[in-house]
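*Asks:* Pasting a structure here, questions to come.
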Amino acid sequence: MTQIPQPAAPAHPIAHWQEDGAERSARWRSEAGLPPPKRIVIADDSLSADAAYKLACEGGTLLWRGDYQNARQLLQALARRVDRKGAKTGATPLESFHLHRQAQGRRAQILSRLVLPLDADYAIPLRRAPDLRQACQEAYGEGGETSLVSLRELLGLIGAHEWRKKGVEVKALAARIHPHYGVFAPIRGEYVDLAADAPLPGAELAFDIGTGSGVLAALLAKRGVARVVATDQDERALACAADNLQRLQLDGQVELQRANLFPEGRAQLAICNPPWLPAKPSSAIEYAVYDPDSAMLRGYLDGLAAHLLPGGEGWLILSDLAEHLGLRSREQLLQWIDQAGLAVLGRLDVKPSHKKAVEQTDGLSAARRAEITSLWRLGVKAPA
């Protein structure tokens, strides 16, 4: 049976501040990797939203000592003030994308400056605070020391905990996948449907590269592949995949390995759904969406030929959103495929059905409406 690795508790830097005439300190938690705040101001229910917004814009971090529910209301008020200017649209899709990312970054920066204390067991020492100890333990591992965390991040933990409990229905599996905190949730089912429809080149051994929640490894096992080796570099992803495979009773068919891209050996099929946008992530969680310099995509293509058996196929599942945004061209993708000694054997396409594909409210809506998700069937080029 596959053992479930537990997420390792990372070392956190220390935040320092003055309160009631004394020096205080606590561990600083930030999944985005933000450094400890330099200026911490004690805040409570007497602080107005306008004053809080001014302090946050000036670089102050608000350590909340008031009512928890009032802190949530204040965060909503700060978000409304950040969003007043609306989204900016550039002269080109690429410019619009960069403006969108800049706005996202500024929004996250300001909203992250409302922070809450956590006791050593993750209890929140505030009035009307909910019990979030399980959600924190799932994300951070065991406690053991007092800490500070932004309310925005804490709410993300709550959302992840709820997704983990109820799971995501995956029609192609006729089952639910339970995503863990920090692991990409398969809420866009069209890419799973593509892998369910493509003809299998063989049913003895397949590799799932960058398995994440384990959804594609589970799908291949359900389709009758006798053995699947699924890899990932992230401990949270491996723990999530192990959990899901055990729930689905497929852990006997799927072997999990911590690896950078490929495991040892060759298979009849190697499937990969890399992050779709070649841009720099602003946090560890965003590596599921952003692939700096297309490193994972190119690594998969460059290593594929050496890991396929004769007649084997590599399945690349990729959205063309990057092409519509001007981040990567179709010609560039085809060139990388050719340079890796690969040939395109076929392609399955699907139009995304998620709500962002039909949004009319931001500068990226035209690109999203044009987006197509494809499964590229790749094989090793025949010798010239």
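By convention in this document, the chains of the structure tokens carry letters A, B, ... by their order, each chain's residues are numbered from 1, and ligands are numbered from 1 in the order they are shown.
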When you look at region 208-213 of chain A with a cut-off of 9 Å (counting only C-alpha atoms), what residues show up, excluding the ones that are within fewer than 4 positions of it in the same chain? I need them as a VMD selection string.

*Replies:* chain A and resid 177 to 180 183 to 186 217 220 228 to 234 236 to 244 256 259 to 263 269 to 274 288 300

*Asks:* So which residues touch Ala172 (chain A) within 8 Å, counting only C-alpha atoms, skipping near sequence neighbours fewer than 4 positions away, as a list in words?

*Replies:* Val192, Asp193, Ala196 and Leu219 of chain A

*Asks:* Where does DSSP see alpha helix (DSSP H) in region 88-154 of chain A, if you list the residues as a ChimeraX atom specification?

*Replies:* /A:93-111,133-140,151-154

*Asks:* Please write the residues from the selection above to a file, keeping C-alpha atoms, as an mmCIF file, in the first residue's frame.

*Replies:*
```
data_model
loop_
_atom_site.group_PDB
_atom_site.id
_atom_site.type_symbol
_atom_site.label_atom_id
_atom_site.label_comp_id
_atom_site.auth_asym_id
_atom_site.auth_seq_id
_atom_site.Cartn_x
_atom_site.Cartn_y
_atom_site.Cartn_z
ATOM 1 C CA PRO A 93 -2.911 41.081 -25.057
ATOM 2 C CA LEU A 94 0.641 40.768 -23.710
ATOM 3 C CA GLU A 95 0.510 44.255 -22.200
ATOM 4 C CA SER A 96 -2.904 43.478 -20.711
ATOM 5 C CA PHE A 97 -1.494 40.321 -19.145
ATOM 6 C CA HIS A 98 1.379 42.198 -17.509
ATOM 7 C CA LEU A 99 -0.990 44.899 -16.228
ATOM 8 C CA HIS A 100 -3.246 42.166 -14.870
ATOM 9 C CA ARG A 101 -0.332 40.518 -13.036
ATOM 10 C CA GLN A 102 0.821 43.867 -11.632
ATOM 11 C CA ALA A 103 -2.680 44.586 -10.337
ATOM 12 C CA GLN A 104 -2.913 41.100 -8.835
ATOM 13 C CA GLY A 105 0.434 41.584 -7.110
ATOM 14 C CA ARG A 106 -0.480 44.961 -5.637
ATOM 15 C CA ARG A 107 -3.846 43.649 -4.458
ATOM 16 C CA ALA A 108 -2.249 40.650 -2.771
ATOM 17 C CA GLN A 109 0.427 42.837 -1.182
ATOM 18 C CA ILE A 110 -2.058 45.233 0.410
ATOM 19 C CA LEU A 111 -4.532 42.592 1.547
ATOM 20 C CA ARG A 133 -6.764 24.011 13.796
ATOM 21 C CA GLN A 134 -7.390 21.149 11.404
ATOM 22 C CA ALA A 135 -7.169 23.389 8.314
ATOM 23 C CA CYS A 136 -3.864 24.832 9.560
ATOM 24 C CA GLN A 137 -2.488 21.413 10.428
ATOM 25 C CA GLU A 138 -3.334 20.108 6.948
ATOM 26 C CA ALA A 139 -1.451 22.998 5.345
ATOM 27 C CA TYR A 140 1.404 23.599 7.776
ATOM 28 C CA LEU A 151 -5.996 36.731 7.262
ATOM 29 C CA ARG A 152 -6.080 36.409 3.476
ATOM 30 C CA GLU A 153 -3.843 33.340 3.612
ATOM 31 C CA LEU A 154 -5.862 31.930 6.497
#
```

*Asks:* Could you state the separation of CA of Asp121 (chain A) and CA of Glu142 (chain A) in Å, given to one decimal place?

*Replies:*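 Here the two named atoms are 8.0 Å from each other.
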
*Asks:* Tell me which of A:Ile158, A:Leu200, A:Val350, A:Val215 sits closest to Val170 (chain A), counting only C-alpha atoms.

*Replies:*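 Among the listed residues, A:Val215 lies closest to Val170 (chain A).
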
*Asks:* Need to verify the contact set: His307 (chain A), 8 Å, only C-alpha atoms, exclusion of same-chain residues closer than 3 positions in sequence. Can you return it as a list in words?

*Replies:* Phe262, Glu264, Gly265, Arg266, Ala267, Ala270, Gly303 and Leu304 of chain A

*Asks:* In Å, with one decimal, what is the gap from CA of Gly182 (chain A) to CA of Glu169 (chain A)?

*Replies:*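 Interatomic distance here is 18.6 Å.
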
*Asks:* Which neighbours of region 46-63 of chain A fall inside 10 Å, counting only C-alpha atoms, when residues of the same chain fewer than 4 positions from it are skipped, and could you give them as a ChimeraX atom specification?

*Replies:* /A:17,36-42,73-79,81-82,106,109-117,148-151

*Asks:* Extract, using only C-alpha atoms, all DNA, RNA and protein residues at most 10 Å from Arg127 (chain A), discarding same-chain residues fewer than 5 positions from it, and format them as a ChimeraX atom specification.

*Replies:* /A:65-70

*Asks:* For CA of Pro278 (chain A) and CA of Ala206 (chain A), quote the distance in Å rounded to one decimal.

*Replies:*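 A separation of 26.4 Å between them.
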
*Asks:* Taking only region 158-338 of chain A into account, list the residues labelled strand (DSSP E or B) by DSSP (computed from the backbone), as a ChimeraX atom specification.

*Replies:* /A:168-170,175-177,205-209,227-232,254-258,267-272,277,290,308-319

*Asks:* List the spatial neighbours of region 320-332 of chain A as a PDB file with C-alpha atoms, in the first residue's frame - criterion: any atom at most 9 Å away, only C-alpha atoms, same-chain residues fewer than 3 positions off excluded.

*Replies:*
```
ATOM      1  CA  THR A  92      -1.901  44.342 -26.784  1.00  0.00           C
ATOM      2  CA  PRO A  93      -2.911  41.081 -25.057  1.00  0.00           C
ATOM      3  CA  LEU A  94       0.641  40.768 -23.710  1.00  0.00           C
ATOM      4  CA  GLU A  95       0.510  44.255 -22.200  1.00  0.00           C
ATOM      5  CA  SER A  96      -2.904  43.478 -20.711  1.00  0.00           C
ATOM      6  CA  PHE A  97      -1.494  40.321 -19.145  1.00  0.00           C
ATOM      7  CA  TRP A 276       0.143  26.521 -19.079  1.00  0.00           C
ATOM      8  CA  LEU A 277       1.585  30.038 -18.792  1.00  0.00           C
ATOM      9  CA  PRO A 278       5.311  30.793 -19.145  1.00  0.00           C
ATOM     10  CA  ALA A 279       5.535  33.479 -16.482  1.00  0.00           C
ATOM     11  CA  GLN A 335       9.912  24.019 -33.021  1.00  0.00           C
ATOM     12  CA  TRP A 336      10.571  22.649 -29.519  1.00  0.00           C
ATOM     13  CA  ILE A 337       8.721  19.453 -30.428  1.00  0.00           C
ATOM     14  CA  LEU A 364      -7.828  38.991 -20.634  1.00  0.00           C
ATOM     15  CA  ALA A 366     -10.775  38.022 -25.355  1.00  0.00           C
ATOM     16  CA  ALA A 367      -7.860  35.605 -24.933  1.00  0.00           C
ATOM     17  CA  ARG A 368      -9.914  33.388 -22.634  1.00  0.00           C
ATOM     18  CA  ALA A 370     -10.411  32.099 -27.837  1.00  0.00           C
ATOM     19  CA  GLU A 371      -8.677  29.495 -25.660  1.00  0.00           C
ATOM     20  CA  ILE A 372      -8.462  25.859 -26.753  1.00  0.00           C
ATOM     21  CA  THR A 373      -7.109  23.018 -24.622  1.00  0.00           C
ATOM     22  CA  SER A 374      -5.337  20.272 -26.577  1.00  0.00           C
TER      23      SER A 374
END
```

*Asks:* Taking into account only C-alpha atoms, which residue in the set A:Arg29, A:Arg84, A:Arg176, A:Lys351 is nearest to Leu375 (chain A)?

*Replies:* A:Lys351

*Asks:* Can you work out which one of A:Asp119, A:Asp302, A:Asp83, A:Glu313 has the shortest atom-to-atom distance to Ala340 (chain A), counting only C-alpha atoms?

*Replies:*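 Selected residue with least distance to Ala340 (chain A): A:Asp302.
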